[in-house]
Structure formats: C-alpha cells, structure tokens
$ cat structure06.tsv   # TSV, C-alpha atoms and all ligand atoms
chain	number	residue	atom	x	y	z
A	459	MET	CA	156.21	0.09	-68.38
A	460	SER	CA	158.51	-0.43	-65.39
A	461	GLN	CA	157.01	0.23	-62.01
A	462	PRO	CA	158.66	2.35	-59.31
A	463	ALA	CA	159.64	-0.19	-56.65
A	464	THR	CA	157.57	1.30	-53.83
A	465	LEU	CA	157.34	-2.19	-52.33
A	466	PRO	CA	160.35	-4.24	-51.21
A	467	SER	CA	161.61	-6.03	-54.29
A	468	ALA	CA	164.56	-8.01	-55.58
A	469	LYS	CA	166.23	-7.44	-58.94
A	470	LEU	CA	167.71	-10.55	-60.55
A	471	LYS	CA	170.41	-9.59	-63.06
A	472	GLY	CA	172.11	-12.16	-65.26
A	473	PRO	CA	173.95	-12.52	-68.58
A	474	HIS	CA	170.78	-13.57	-70.39
A	475	SER	CA	167.93	-11.70	-68.69
A	476	ASP	CA	166.87	-9.53	-65.77
A	477	ALA	CA	163.80	-9.91	-63.56
A	478	VAL	CA	162.10	-7.98	-60.75
A	479	VAL	CA	160.29	-9.76	-57.93
A	480	TYR	CA	158.24	-8.08	-55.20
A	481	LEU	CA	158.13	-9.76	-51.78
A	482	ASN	CA	154.42	-8.83	-51.78
A	483	GLY	CA	152.93	-11.99	-53.21
A	484	ALA	CA	156.36	-13.21	-54.41
A	485	HIS	CA	155.23	-11.33	-57.47
A	486	VAL	CA	157.39	-11.38	-60.60
A	487	SER	CA	156.65	-8.04	-62.23
A	488	SER	CA	159.25	-7.92	-65.00
A	489	TRP	CA	161.33	-10.31	-67.08
A	490	ILE	CA	163.50	-8.79	-69.80
A	491	PRO	CA	165.68	-11.10	-71.90
A	492	LYS	CA	168.68	-9.33	-73.41
A	493	GLY	CA	167.65	-7.46	-76.55
A	494	GLN	CA	163.94	-7.93	-75.90
A	495	LYS	CA	161.08	-5.79	-74.63
A	496	ASP	CA	159.72	-6.86	-71.24
A	497	VAL	CA	157.92	-10.17	-71.81
A	498	LEU	CA	155.58	-9.47	-68.88
A	499	PHE	CA	152.81	-6.85	-68.97
A	500	MET	CA	152.40	-4.56	-66.00
A	501	SER	CA	149.52	-2.11	-65.72
A	502	GLY	CA	150.54	1.51	-65.26
A	503	GLN	CA	147.60	1.73	-62.84
A	504	SER	CA	148.65	-1.22	-60.70
A	505	HIS	CA	148.51	-0.87	-56.93
A	506	LEU	CA	151.95	-1.20	-55.36
A	507	GLN	CA	150.94	-1.34	-51.71
A	508	PRO	CA	151.31	-4.06	-49.10
A	509	GLY	CA	148.28	-6.31	-49.00
A	510	LYS	CA	147.02	-5.35	-52.44
A	511	ALA	CA	147.20	-7.51	-55.56
A	512	ILE	CA	149.59	-6.29	-58.24
A	513	ARG	CA	148.02	-5.97	-61.72
A	514	GLY	CA	150.27	-7.66	-64.22
A	515	GLY	CA	153.41	-9.77	-64.06
A	516	VAL	CA	152.80	-13.21	-62.53
A	517	PRO	CA	150.30	-13.25	-59.64
A	518	ILE	CA	150.52	-16.46	-57.60
A	519	ILE	CA	147.04	-17.87	-57.16
A	520	PHE	CA	146.53	-20.12	-54.09
A	521	PRO	CA	144.56	-21.86	-52.51
A	522	TRP	CA	141.55	-21.18	-54.76
A	523	PHE	CA	141.16	-19.89	-58.31
A	524	GLY	CA	138.72	-17.08	-59.07
A	525	GLY	CA	135.82	-16.73	-56.62
A	526	ARG	CA	135.84	-19.15	-53.67
A	527	ALA	CA	132.95	-21.60	-53.78
A	528	ASN	CA	130.43	-20.89	-50.96
A	529	HIS	CA	132.59	-18.04	-49.60
A	530	PRO	CA	131.57	-14.77	-51.28
A	531	GLU	CA	133.47	-12.89	-48.55
A	532	SER	CA	136.82	-14.43	-49.55
A	533	PRO	CA	139.19	-12.51	-51.87
A	534	ALA	CA	139.26	-13.63	-55.49
A	535	HIS	CA	142.20	-15.89	-56.33
A	536	GLY	CA	143.10	-16.66	-52.73
A	537	PHE	CA	145.50	-14.91	-50.35
A	538	ALA	CA	149.01	-15.92	-51.52
A	539	ARG	CA	149.32	-12.93	-53.88
A	540	THR	CA	148.62	-10.33	-51.18
A	541	LEU	CA	150.82	-11.60	-48.35
A	542	ILE	CA	154.50	-10.81	-47.78
A	543	TRP	CA	156.71	-13.79	-48.61
A	544	ASN	CA	160.03	-14.46	-46.90
A	545	PHE	CA	163.49	-14.77	-48.42
A	546	VAL	CA	164.93	-18.30	-48.41
A	547	GLN	CA	167.91	-18.20	-50.76
A	548	CYS	CA	169.39	-16.86	-53.94
A	549	GLU	CA	171.82	-18.97	-55.89
A	550	GLN	CA	173.74	-18.59	-59.12
A	551	ARG	CA	173.05	-21.23	-61.75
A	552	PRO	CA	175.78	-22.62	-64.11
A	553	SER	CA	174.28	-20.46	-66.87
A	554	GLY	CA	175.13	-17.38	-64.82
A	555	GLY	CA	171.49	-16.76	-64.15
A	556	CYS	CA	170.21	-16.46	-60.60
A	557	ALA	CA	167.48	-18.40	-58.85
A	558	LEU	CA	165.60	-16.74	-56.00
A	559	THR	CA	163.48	-18.76	-53.59
A	560	LEU	CA	160.78	-17.17	-51.45
A	561	GLU	CA	158.41	-18.90	-49.07
A	562	LEU	CA	155.06	-18.45	-47.39
A	563	ASN	CA	153.95	-20.45	-44.34
A	564	SER	CA	150.48	-20.84	-42.95
A	565	ASP	CA	149.87	-18.84	-39.80
A	566	LYS	CA	146.99	-17.52	-37.71
A	567	VAL	CA	146.12	-15.03	-40.48
A	568	THR	CA	145.74	-17.73	-43.11
A	569	HIS	CA	144.08	-20.13	-40.65
A	570	GLU	CA	141.29	-17.57	-40.16
A	571	VAL	CA	140.47	-17.96	-43.84
A	572	TRP	CA	141.66	-21.47	-44.67
A	573	PRO	CA	142.15	-23.95	-41.78
A	574	PHE	CA	145.10	-25.92	-43.12
A	575	ASP	CA	148.86	-25.96	-42.53
A	576	PHE	CA	151.07	-25.44	-45.57
A	577	ASN	CA	154.45	-24.26	-46.81
A	578	LEU	CA	154.76	-22.64	-50.22
A	579	ARG	CA	158.13	-22.23	-51.87
A	580	PHE	CA	158.41	-20.25	-55.08
A	581	THR	CA	161.63	-20.35	-57.08
A	582	ILE	CA	162.23	-17.88	-59.89
A	583	CYS	CA	165.14	-18.44	-62.26
A	584	ALA	CA	165.99	-15.72	-64.80
A	585	GLU	CA	168.09	-17.21	-67.60
A	586	LYS	CA	167.41	-17.46	-71.33
A	587	THR	CA	164.02	-18.52	-70.09
A	588	LEU	CA	162.03	-17.53	-67.01
A	589	THR	CA	161.41	-20.64	-64.93
A	590	MET	CA	158.99	-20.41	-62.04
A	591	SER	CA	158.25	-23.34	-59.73
A	592	LEU	CA	155.59	-23.33	-57.04
A	593	ALA	CA	156.04	-26.09	-54.44
A	594	VAL	CA	153.05	-26.68	-52.16
A	595	THR	CA	153.73	-28.80	-49.06
A	596	ASN	CA	151.02	-30.02	-46.69
A	597	THR	CA	152.67	-29.51	-43.31
A	598	GLY	CA	149.58	-30.50	-41.36
A	599	GLY	CA	148.03	-33.79	-40.33
A	600	GLN	CA	145.05	-33.85	-42.72
A	601	GLU	CA	144.79	-33.81	-46.46
A	602	PHE	CA	143.59	-30.65	-48.17
A	603	THR	CA	142.38	-29.74	-51.65
A	604	PHE	CA	143.64	-26.58	-53.36
A	605	GLU	CA	143.71	-24.78	-56.68
A	606	GLU	CA	146.74	-22.89	-57.96
A	607	ALA	CA	147.88	-20.77	-60.87
A	608	LEU	CA	150.81	-18.77	-62.14
A	609	HIS	CA	148.57	-16.08	-63.64
A	610	THR	CA	151.05	-14.81	-66.24
A	611	TYR	CA	150.33	-11.49	-68.01
A	612	LEU	CA	152.24	-11.47	-71.31
A	613	ALA	CA	153.04	-8.23	-73.17
A	614	VAL	CA	152.05	-8.12	-76.84
A	615	GLY	CA	152.07	-5.41	-79.49
A	616	ASP	CA	148.34	-5.75	-80.21
A	617	VAL	CA	146.27	-8.63	-78.90
A	618	ARG	CA	143.87	-8.21	-81.84
A	619	GLN	CA	146.63	-9.33	-84.20
A	620	ALA	CA	148.10	-12.04	-81.96
A	621	SER	CA	147.21	-15.74	-81.92
A	622	ILE	CA	147.69	-18.55	-79.41
A	623	SER	CA	148.49	-22.12	-80.44
A	624	GLY	CA	148.80	-25.26	-78.35
A	625	LEU	CA	145.22	-25.74	-77.22
A	626	ALA	CA	143.64	-27.18	-80.37
A	627	GLY	CA	141.14	-29.95	-79.77
A	628	THR	CA	140.78	-29.35	-76.03
A	629	THR	CA	137.64	-28.52	-74.06
A	630	PHE	CA	137.32	-25.20	-72.26
A	631	ILE	CA	135.02	-23.61	-69.70
A	632	ASP	CA	133.79	-20.34	-71.19
A	633	LYS	CA	133.48	-17.92	-68.26
A	634	VAL	CA	131.96	-15.22	-70.45
A	635	ASP	CA	129.17	-17.57	-71.63
A	636	GLY	CA	127.67	-19.07	-68.51
A	637	PHE	CA	130.65	-21.32	-67.77
A	638	LYS	CA	129.54	-23.57	-70.64
A	639	ARG	CA	131.97	-26.31	-71.68
A	640	LYS	CA	132.94	-25.97	-75.33
A	641	PRO	CA	135.29	-27.69	-77.78
A	642	GLN	CA	138.32	-25.73	-79.01
A	643	GLY	CA	138.73	-26.07	-82.78
A	644	PRO	CA	141.95	-26.84	-84.67
A	645	GLU	CA	142.88	-23.22	-85.39
A	646	PRO	CA	145.05	-20.99	-83.17
A	647	ILE	CA	143.01	-18.87	-80.76
A	648	VAL	CA	142.43	-15.26	-81.75
A	649	ILE	CA	141.05	-12.70	-79.32
A	650	THR	CA	138.03	-10.81	-80.68
A	651	GLY	CA	136.29	-9.79	-77.45
A	652	GLU	CA	136.40	-10.38	-73.68
A	653	THR	CA	137.97	-13.82	-73.40
A	654	ASP	CA	138.06	-15.84	-70.18
A	655	ARG	CA	138.55	-19.55	-70.78
A	656	VAL	CA	139.70	-22.41	-68.56
A	657	TYR	CA	141.20	-25.06	-70.86
A	658	LEU	CA	140.96	-28.51	-69.33
A	659	ALA	CA	143.14	-31.66	-69.45
A	660	THR	CA	146.02	-29.96	-71.21
A	661	LYS	CA	149.72	-30.25	-70.46
A	662	SER	CA	150.70	-28.52	-73.68
A	663	GLU	CA	153.09	-25.70	-74.32
A	664	CYS	CA	151.34	-22.61	-75.67
A	665	VAL	CA	152.88	-20.25	-78.19
A	666	ILE	CA	151.68	-16.64	-78.48
A	667	ASN	CA	152.47	-15.32	-81.95
A	668	ASP	CA	152.92	-11.54	-81.83
A	669	PRO	CA	153.37	-10.24	-85.41
A	670	VAL	CA	153.35	-6.59	-84.27
A	671	TRP	CA	156.45	-6.96	-82.11
A	672	GLY	CA	157.80	-9.75	-84.31
A	673	ARG	CA	158.17	-12.38	-81.60
A	674	LYS	CA	156.73	-15.63	-80.38
A	675	ILE	CA	156.42	-16.15	-76.61
A	676	PHE	CA	156.12	-19.71	-75.35
A	677	VAL	CA	154.67	-20.88	-72.06
A	678	ALA	CA	155.64	-24.47	-71.26
A	679	LYS	CA	154.69	-26.24	-68.05
A	680	GLU	CA	155.14	-29.28	-65.79
A	681	ASN	CA	152.54	-30.76	-63.43
A	682	SER	CA	149.79	-28.45	-64.63
A	683	ASP	CA	146.61	-29.81	-66.24
A	684	ALA	CA	144.75	-26.57	-66.99
A	685	THR	CA	145.57	-23.40	-68.92
A	686	VAL	CA	143.61	-20.18	-68.66
A	687	VAL	CA	143.47	-17.61	-71.47
A	688	TRP	CA	142.22	-14.13	-70.50
A	689	ASN	CA	141.85	-10.71	-71.99
A	690	PRO	CA	139.41	-8.25	-70.40
A	691	TRP	CA	138.71	-6.32	-73.62
A	692	ILE	CA	137.05	-2.90	-73.48
A	693	ALA	CA	134.26	-2.98	-70.87
A	694	LYS	CA	136.06	-5.09	-68.26
A	695	ALA	CA	139.21	-3.00	-68.69
A	696	LYS	CA	137.17	0.13	-67.92
A	697	ALA	CA	135.67	-1.60	-64.87
A	698	MET	CA	139.06	-2.35	-63.27
A	699	ALA	CA	140.45	0.58	-61.25
A	700	ASP	CA	143.98	-0.86	-61.38
A	701	PHE	CA	143.99	-1.34	-65.16
A	702	GLY	CA	144.16	1.44	-67.74
A	703	ASP	CA	141.16	1.74	-70.06
A	704	GLU	CA	143.45	1.56	-73.11
A	705	GLU	CA	145.82	-1.14	-71.84
A	706	TRP	CA	143.87	-4.22	-72.90
A	707	PRO	CA	145.36	-4.47	-76.45
A	708	GLY	CA	148.84	-4.77	-74.93
A	709	MET	CA	148.37	-7.97	-72.98
A	710	VAL	CA	147.06	-11.49	-72.85
A	711	CYS	CA	147.14	-13.88	-69.91
A	712	VAL	CA	148.21	-17.46	-70.56
A	713	GLU	CA	148.03	-18.99	-67.12
A	714	THR	CA	149.59	-22.20	-65.82
A	715	CYS	CA	147.01	-23.77	-63.52
A	716	ASN	CA	145.55	-26.63	-61.58
A	717	CYS	CA	141.97	-25.50	-61.08
A	718	ALA	CA	138.33	-26.51	-61.74
A	719	ASP	CA	138.34	-30.25	-62.61
A	720	HIS	CA	142.05	-30.27	-61.82
A	721	ALA	CA	142.09	-29.10	-58.21
A	722	ILE	CA	144.69	-31.06	-56.26
A	723	THR	CA	144.17	-33.10	-53.10
A	724	LEU	CA	147.42	-33.29	-51.14
A	725	GLY	CA	148.00	-35.78	-48.32
A	726	ALA	CA	149.67	-34.88	-45.03
A	727	GLY	CA	153.40	-34.37	-45.50
A	728	LYS	CA	153.21	-34.47	-49.30
A	729	THR	CA	154.53	-31.89	-51.76
A	730	HIS	CA	153.31	-30.91	-55.25
A	731	VAL	CA	155.46	-28.81	-57.59
A	732	MET	CA	154.04	-26.96	-60.59
A	733	THR	CA	156.43	-25.26	-63.01
A	734	ALA	CA	156.01	-22.70	-65.79
A	735	VAL	CA	158.75	-21.92	-68.28
A	736	VAL	CA	158.38	-18.71	-70.31
A	737	GLY	CA	160.64	-17.82	-73.21
A	738	VAL	CA	160.89	-15.99	-76.52
A	739	LYS	CA	161.45	-17.74	-79.86
A	801	LIG	O1	142.31	-15.74	-64.88
A	801	LIG	C1	141.26	-14.96	-65.41
A	801	LIG	C2	140.48	-14.35	-64.25
A	801	LIG	O2	139.96	-15.36	-63.40
A	801	LIG	C3	139.38	-13.45	-64.81
A	801	LIG	O3	138.10	-13.96	-64.51
A	801	LIG	C4	139.66	-12.09	-64.16
A	801	LIG	O4	138.91	-11.97	-62.97
A	801	LIG	C5	141.16	-12.20	-63.90
A	801	LIG	O5	141.34	-13.53	-63.46
A	801	LIG	C6	141.73	-11.17	-62.96
A	801	LIG	O6	141.29	-11.44	-61.67
A	801	LIG	P1	141.68	-10.36	-60.52
A	801	LIG	O7	141.14	-10.93	-59.24
A	801	LIG	O8	143.17	-10.26	-60.52
A	801	LIG	O9	141.06	-9.08	-60.94
$ encode --input "structure06.tsv" --output "structure tokens" --more "lines below"
Ligand code: TA6
Amino acid sequence: MSQPATLPSAKLKGPHSDAVVYLNGAHVSSWIPKGQKDVLFMSGQSHLQPGKAIRGGVPIIFPWFGGRANHPESPAHGFARTLIWNFVQCEQRPSGGCALTLELNSDKVTHEVWPFDFNLRFTICAEKTLTMSLAVTNTGGQEFTFEEALHTYLAVGDVRQASISGLAGTTFIDKVDGFKRKPQGPEPIVITGETDRVYLATKSECVINDPVWGRKIFVAKENSDATVVWNPWIAKAKAMADFGDEEWPGMVCVETCNCADHAITLGAGKTHVMTAVVGVK
C-alpha cells in the first residue's frame, strides 16, 4: 500500500526500479522493481509525522538496537530513524539507476541522549537490486560503541506459507523465550507464531521464499554479523497502534544488523560501512 507523502520525500525513478525515501529517518518506504509488487511492506496505519518512526520500509536503527541497556527512558532502536536527515547528493549510476545519499550529524539534540560525535551517511541505490549502505564515522576524539540495523520489512503474500533460508546451523537469541540462546536447525525457518530472533555470527544471504506471490526475495549483506527475523503475529500486531491488526500475514522482517554480541567499537576518526542488498529472484 503506497503512503501519501505527507513528509518530505524523494522518489528515485530508474529503468529497473523505483524507490521512495523520506527525509524523516532517511527512511526507504518503497522499492518496486519493474513488473513486481512493492518488495517492502508498509503499514497502512503508519505514522507519517516528523519525529515519529515510520512502520514498515527500512527503519535505520542507530546507535542502539531494541531497548537501550540501563536507559529505560530512551526510545527503542535509537534516534536515527526519527530525525530529519540532510540531502548530500544524488547521482546516476551506469545502470541508469540513481543513488541518493543522505546524512545525519551529531548535534546538541543527539548529545543530550548520546554524548558522542558522529556522521552517518546513508546511500540508497535503486537498480535491479536495492542497495543500501550505512556509513558510520566517529568524528570525535574518543572511541564509541554502537549497534546498528537496516530493519527491513519485506512484503509477502502470506507469511504462514513463506520460508526463510540462509540461517541453518547458526545460534539465535530468542526474544520471545527469555532471550535464550538456541541452535537453528538445518531446515528453512517457517513462521508459526510471534517470532523475534537475533541470529548471531552470520554473514549469510537470506532468501525468503514466497509461494503465494511466486517470488523469492534475497537479502545479502556486507560487514554485518547479525540477522534479525521478526513477525509480530496476532497479539503483538493488535498491540501496535501503527500496525493494522490484520497486516501481520503480509510481512516479515529480515534485518541486516550489528547488534548484541556484534556491537561495534569505533575509534576516533574511523568509519564503518554496513551494506544490505535486496533483490527478487
Ligand atoms: O527487530 C525486531 C524488534 O526489535 C522487535 O522486538 C519489535 O520491537 C520490532 O523490532 C519493532 O520495534 P519498534 O520499536 O519499531 O516497534
């Protein structure tokens, strides 16, 4: 479902795909390859107001993932997704696709919450694939440790009939079972209830097989050591004001992360770049 652009947004149009990016959170809300349905899920109940997280698309999670340890007052998933990012450049790639770069700099607002100096640059390239790169630069004089994620909501025909491969044999933190660490078996993952898992020590590409819509979505990545798989299922869907009660079968999150055991410590002046590549097979 496409959202009315009530927030400032950019539309990237190319020969292979189109995308929509809101400046609020540098939030990719739509990516439609030619001849395909939107690959990204957006909730019809999503807020589209400055300072509020957008439900769906690709929220940028920084500088912490989920709740912030020892800071119950801090917003879940950090502040990057609710601040206005600034335009840096838009360039055409040889493929004809366009690459948009937005940035977010630390300032007195972020210092009130997180006392470090940083520059984030997020580049979105809409071609036959959707490539998203998040560059984190420590612009201060002291190292800092952060978590990050490209919290990608993928649109599927019916999550109950979908399966996710690429994580066989890994260990995951099960957030719906006391954060216990469990082994993932050899079979593709199927969603049969609320699922909220942080898969550890994995650099693998994931493939979401969607037999209802007859497509396979892949999520490949660079410089990411954790993958999160999430579906809220019935009760959690009802509990979210910005998510329709009946929307949960139409989505699954496969998130490109560095979180939990894989938080990153970045020295002064250093840069870390994490990339996700989404496509349809
Ligand atoms: O990535 C999964 C998760 O951490 C879930 O625990 C759920 O909270 C989801 O993110 C959405 O979080 P949000 O803050 O956007 O409601």
$ residues_near_ligand --input "structure06.tsv" --ligand "ligand LIG 801 (chain A)" --cutoff "8 Å" --atoms "all atoms listed in the file" --output "compact mmCIF listing (two decimals) with C-alpha atoms, keeping the file's coordinate frame"
# COMPACT_ATOMS: atom_id res chain seq x y z
CA ALA A 511 147.20 -7.51 -55.56
CA ILE A 512 149.59 -6.29 -58.24
CA ARG A 513 148.02 -5.97 -61.72
CA PRO A 517 150.30 -13.25 -59.64
CA PHE A 523 141.16 -19.89 -58.31
CA GLY A 524 138.72 -17.08 -59.07
CA PRO A 533 139.19 -12.51 -51.87
CA ALA A 534 139.26 -13.63 -55.49
CA HIS A 535 142.20 -15.89 -56.33
CA HIS A 609 148.57 -16.08 -63.64
CA LYS A 633 133.48 -17.92 -68.26
CA ASP A 654 138.06 -15.84 -70.18
CA ARG A 655 138.55 -19.55 -70.78
CA VAL A 686 143.61 -20.18 -68.66
CA VAL A 687 143.47 -17.61 -71.47
CA TRP A 688 142.22 -14.13 -70.50
CA ASN A 689 141.85 -10.71 -71.99
CA PRO A 690 139.41 -8.25 -70.40
CA MET A 698 139.06 -2.35 -63.27
CA CYS A 711 147.14 -13.88 -69.91
CA GLU A 713 148.03 -18.99 -67.12
$ residues_around --input "structure06.tsv" --residues "Thr587 in chain A" --least-positions-apart "5" --cutoff "7 Å" --atoms "only C-alpha atoms" --output "list in words"
Val735, Val736 and Gly737 of chain A
$ residues_near_point --input "structure06.tsv" --point "(157.5, -5.3, -55.4)" --cutoff "6 Å" --atoms "all atoms listed in the file" --output "NGL selection string"
:A and (463 or 465-467 or 479-482)
$ closest_atom_pairs --input "structure06.tsv" --of "range 587-693 of chain A" --to "range 564-578 of chain A" --cutoff "8 Å" --atoms "only C-alpha atoms" --output "Markdown table"
| residue | atom | partner | partner_atom | distance |
| --- | --- | --- | --- | --- |
| A:Leu592 | CA | A:Leu578 | CA | 6.9 |
| A:Ala593 | CA | A:Leu578 | CA | 5.6 |
| A:Val594 | CA | A:Leu578 | CA | 4.8 |
| A:Thr595 | CA | A:Asn577 | CA | 5.1 |
| A:Asn596 | CA | A:Phe576 | CA | 4.7 |
| A:Thr597 | CA | A:Phe576 | CA | 4.9 |
| A:Gly598 | CA | A:Asp575 | CA | 4.7 |
| A:Gln600 | CA | A:Phe574 | CA | 7.9 |
| A:Phe602 | CA | A:Phe574 | CA | 7.1 |
$ atom_distance --input "structure06.tsv" --atom1 "CA of Glu549 in chain A" --atom2 "CA of Glu680 in chain A"
22.0 Å
$ closest_residue --input "structure06.tsv" --among "A:Val738, A:Cys717, A:Ala678, A:Val546" --to "Arg526 in chain A" --atoms "all atoms listed in the file"
A:Cys717
$ atom_distance --input "structure06.tsv" --atom1 "CA of Thr629 in chain A" --atom2 "CA of Thr685 in chain A"
10.7 Å
$ closest_residue --input "structure06.tsv" --among "A:Leu470, A:Ile675, A:Ala484, A:Ala620" --to "Leu560 in chain A" --atoms "all atoms listed in the file"
A:Ala484
$ atom_distance --input "structure06.tsv" --atom1 "CA of Gly708 in chain A" --atom2 "CA of Val617 in chain A"
6.1 Å
$ residues_near_point --input "structure06.tsv" --point "(146.4, -28.0, -76.7)" --cutoff "8 Å" --atoms "only C-alpha atoms" --output "number ranges by chain"
A: 623-628, 660-664
$ residues_around --input "structure06.tsv" --residues "Ala477 in chain A" --least-positions-apart "5" --cutoff "7 Å" --atoms "all atoms listed in the file" --output "list in words"
Lys469, Leu470, Lys471, Ser488, Trp489, Ile490 and Ala584 of chain A
$ closest_residue --input "structure06.tsv" --among "A:Thr729, A:Thr540, A:Thr589, A:Gln494" --to "Cys556 in chain A" --atoms "only C-alpha atoms"
A:Thr589
$ closest_residue --input "structure06.tsv" --among "A:Lys638, A:His485, A:Lys696, A:Arg551" --to "Thr610 in chain A" --atoms "all atoms listed in the file"
A:His485
$ residues_around --input "structure06.tsv" --residues "Thr581 in chain A" --least-positions-apart "5" --cutoff "6 Å" --atoms "all atoms listed in the file" --output "PyMOL selection string"
chain A and resi 558-559+590-591
